[in-house]
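**Q** Sending over a structure as structure tokens; questions will come in a sec.
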Amino acid sequence: MKKILLIIALTAILAACNSNTGDKAADEKEKDYPAMKITAIEDSMSRNFGKGFGTFLAAQIMSDSTSQQYFNKDSFIKGLELVLKCDTSIVDSNFLGGIQQGFVILEQLAELENNNDVTFDHRLVAENVIAAIGNSERLSEQQIEQLQKDFKASLDKAKNQNLKTRSDAGAKFAADKLAADKALKKLPSGLIYKITKKGSGANFKINDNVMVKYKGMHTDGSVFDQSTEPVAMKLNDSTLIAGFVELLQLMSPGAKAYAIMPAAIAYGATGSINSLRKKDIKGNETIVFEVETVGLADDKK
């Protein structure tokens, strides 16, 4: 699967650097491909290689459940085409070295963005990298140290500003919802909820293993996670967020609820990163859940 992710990363770099990625007429698309004289035998060879490698990629994608969950075929093909349309006459060790270094920078940017909840302007980064390479004047050690300090200061400032912005936005969202819906209750923990359908029997307890359907959303309504089929959740599982555990203890079998969870009882200032290293939930983000409980899980099953 690493091979697939490597190709995806490469196509992402080229797509980000290409300012003419819009839809083009068929005759314009032909101009994108390098002008080369191809013999009939080479034409057949090219088709066979493309079909073979495409079949190999398809098999890798289908063999990995994580890939299938996040894989977007249209986006993948668009990026793949950008790579294969490169003029091979300029593909030398320097060209490949530039791509390789681009991977290194992209990895660092992705890590910084995920760890600090910031967004870099990749075009601006590229422009300054290129300008620095072309500058014949070398920086002294002191200048380099100062540059690193300046970067760290600007990074911390951007991170703190983004955390505050999301915290303020979440507080406003919660306040507006409370004002508009009198059925909502706010608990001391910060959990805001309402039971939209009453269940039967006693409420669940902290040691219960509960079958649950849920939909997790950002405050704009977009879904970051959901389960349309019941899944078992142990309320004393340390991996469950505090707000979810608290909510389930306010519900009984067959109940439905709507809940707003501020970051303090959700994913905190760090947020949550999915299996493809994308940050589903930002730091200090308020999230929303729609939850339906089915009942206690059958341990035998």
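Following the order of the structure tokens, first chain is A, next is B, and so on, with residues numbered from 1 inside each chain and ligands from 1 in the order they appear.
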Per DSSP on the backbone, filter range 141-193 of chain A down to the residues in helix (DSSP H, G or I) and report them as a short mmCIF file (atom, residue, chain, number, x, y, z; two decimals) with C-alpha atoms, in the first residue's frame.

**A**
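File written: selection-v5.cif
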```cif
data_model
loop_
_atom_site.label_atom_id
_atom_site.label_comp_id
_atom_site.auth_asym_id
_atom_site.auth_seq_id
_atom_site.Cartn_x
_atom_site.Cartn_y
_atom_site.Cartn_z
CA GLU A 141 24.81 30.53 11.00
CA GLN A 142 23.43 33.41 13.04
CA GLN A 143 21.07 34.39 10.23
CA ILE A 144 19.89 30.80 9.87
CA GLU A 145 19.24 30.55 13.62
CA GLN A 146 17.26 33.79 13.51
CA LEU A 147 15.27 32.51 10.52
CA GLN A 148 14.38 29.38 12.50
CA LYS A 149 13.31 31.47 15.50
CA ASP A 150 11.18 33.69 13.28
CA PHE A 151 9.52 30.64 11.75
CA LYS A 152 8.80 29.09 15.16
CA ALA A 153 7.29 32.37 16.39
CA SER A 154 5.08 32.72 13.32
CA LEU A 155 4.02 29.06 13.58
CA ASP A 156 3.03 29.42 17.25
CA LYS A 157 1.15 32.64 16.51
CA ALA A 158 -0.82 31.02 13.67
CA LYS A 159 -1.57 27.93 15.76
CA ASN A 160 -2.82 29.91 18.78
CA GLN A 161 -4.90 32.21 16.58
CA ASN A 162 -6.56 29.24 14.86
CA LEU A 163 -7.27 27.54 18.19
CA LYS A 164 -8.90 30.70 19.53
CA THR A 165 -10.91 31.21 16.35
CA ARG A 166 -12.31 27.67 16.48
CA SER A 167 -13.02 27.92 20.20
CA ASP A 168 -14.92 31.19 19.73
CA ALA A 169 -16.82 29.80 16.74
CA GLY A 170 -17.82 26.71 18.71
CA ALA A 171 -19.03 28.78 21.66
CA LYS A 172 -21.14 30.95 19.36
CA PHE A 173 -22.58 27.91 17.59
CA ALA A 174 -23.58 26.36 20.94
CA ALA A 175 -25.07 29.61 22.25
CA ASP A 176 -27.11 30.11 19.08
CA LYS A 177 -28.44 26.55 19.24
CA LEU A 178 -29.40 26.91 22.92
CA ALA A 179 -31.22 30.16 22.21
CA ALA A 180 -33.10 28.68 19.24
#
```

**Q** Fewer than 2 positions away in the same chain doesn't count, so skip those; otherwise give me all residues within 8 Å of range 185-190 of chain A, counting only C-alpha atoms, as a JSON list (two decimals) with C-alpha atoms, in the first residue's frame.

**A**
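Result saved to around.json:
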```
[["chain", "number", "residue", "atom", "x", "y", "z"],
["A", 178, "LEU", "CA", -29.40, 26.91, 22.92],
["A", 182, "LYS", "CA", -35.43, 25.34, 24.34],
["A", 183, "ALA", "CA", -35.45, 21.53, 24.38],
["A", 192, "ILE", "CA", -25.48, 20.15, 25.23],
["A", 193, "TYR", "CA", -28.09, 17.57, 24.31],
["A", 194, "LYS", "CA", -31.71, 16.64, 23.84],
["A", 261, "MET", "CA", -19.79, 18.60, 22.32],
["A", 262, "PRO", "CA", -17.19, 21.32, 22.87],
["A", 264, "ALA", "CA", -13.03, 20.02, 26.24],
["A", 265, "ILE", "CA", -15.16, 16.84, 26.20]]
```

**Q** Excluding same-chain residues fewer than 2 positions from Gly243 in chain A, what lies within 7 Å of it counting only C-alpha atoms, as number ranges by chain?

**A** A: 191, 241, 245-247, 261, 265-266

**Q** Would you mind telling me which residue in A:Glu81, A:Asp280, A:Asp92, A:Glu42 lies nearest to Val223 in chain A when using only C-alpha atoms?

**A**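 Once distances to Val223 in chain A are computed over only C-alpha atoms, the minimum belongs to A:Asp280.
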
**Q** As a CSV table (one decimal) with N, CA and C atoms, in the first residue's frame, please: every residue in range 96-203 of chain A that a backbone DSSP assignment puts in strand (DSSP E).

**A**
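Below you can see result_8.csv, which holds the result:
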```
chain,number,residue,atom,x,y,z
A,185,LYS,N,-30.5,20.9,26.6
A,185,LYS,CA,-30.1,21.1,28.0
A,185,LYS,C,-28.5,21.2,28.0
A,186,LYS,N,-28.0,22.1,28.8
A,186,LYS,CA,-26.6,22.2,28.9
A,186,LYS,C,-26.1,21.7,30.3
A,192,ILE,N,-24.2,19.6,25.6
A,192,ILE,CA,-25.5,20.2,25.2
A,192,ILE,C,-26.2,19.0,24.5
A,193,TYR,N,-27.4,18.7,24.9
A,193,TYR,CA,-28.1,17.6,24.3
A,193,TYR,C,-29.6,17.7,24.5
A,194,LYS,N,-30.3,16.8,23.7
A,194,LYS,CA,-31.7,16.6,23.8
A,194,LYS,C,-32.0,15.2,23.4
A,195,ILE,N,-32.9,14.6,24.1
A,195,ILE,CA,-33.4,13.3,23.7
A,195,ILE,C,-34.5,13.5,22.6
A,196,THR,N,-34.3,13.0,21.4
A,196,THR,CA,-35.3,13.2,20.3
A,196,THR,C,-36.3,12.0,20.2
A,197,LYS,N,-35.9,10.9,20.9
A,197,LYS,CA,-36.8,9.8,20.9
A,197,LYS,C,-36.5,9.0,22.2
```

**Q** What is the distance, in Å and to one decimal place, between CA of Ala202 in chain A and CA of Val294 in chain A?

**A**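 That distance, rounded to one decimal, is 13.0 Å.
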
**Q** Mind dumping a table of every range 265-293 of chain A residue within 8 Å of range 108-116 of chain A, with the nearest atom pair and its distance in Å to one decimal, using only C-alpha atoms, sorted by chain and rising number, as CSV?

**A**
```
residue,atom,partner,partner_atom,distance
A:Thr270,CA,A:Asn115,CA,7.4
A:Ile273,CA,A:Asn114,CA,7.5
A:Arg277,CA,A:Asn114,CA,7.8
A:Lys278,CA,A:Asn114,CA,7.3
A:Lys279,CA,A:Asn114,CA,6.2
```

**Q** Rounded to one decimal place, report the CA of Ile281 in chain A-CA of Thr239 in chain A distance in Å.

**A**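 Separating CA of Ile281 in chain A from CA of Thr239 in chain A is a distance of 15.4 Å.
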
**Q** Just the number, please: distance in Å from CA of Phe103 in chain A to CA of Val129 in chain A, one decimal.

**A**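 CA of Phe103 in chain A sits 13.5 Å away from CA of Val129 in chain A.
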
**Q** Please identify all polymer residues within 10 Å of Ser200 in chain A, counting only C-alpha atoms, omitting same-chain residues fewer than 2 positions from it, and present them as a list in words.

**A** Lys198, Ala202, Asn203, Met251, Ser252, Pro253, Gly254, Ala255 and Gly295 of chain A

**Q** Which one of A:Lys205, A:Arg138, A:Lys213, A:Lys51 sits closest to Lys234 in chain A if you count only C-alpha atoms?

**A**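 For Lys234 in chain A, the nearest of the candidates is A:Lys205.
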
**Q** Considering only C-alpha atoms, return as a PyMOL selection string whatever protein or nucleic-acid residues lie within 12 Å of Asn236 in chain A, sequence-local ones (same chain, fewer than 4 positions apart) excluded.

**A** chain A and resi 204-210+240-242+244-246+248-249
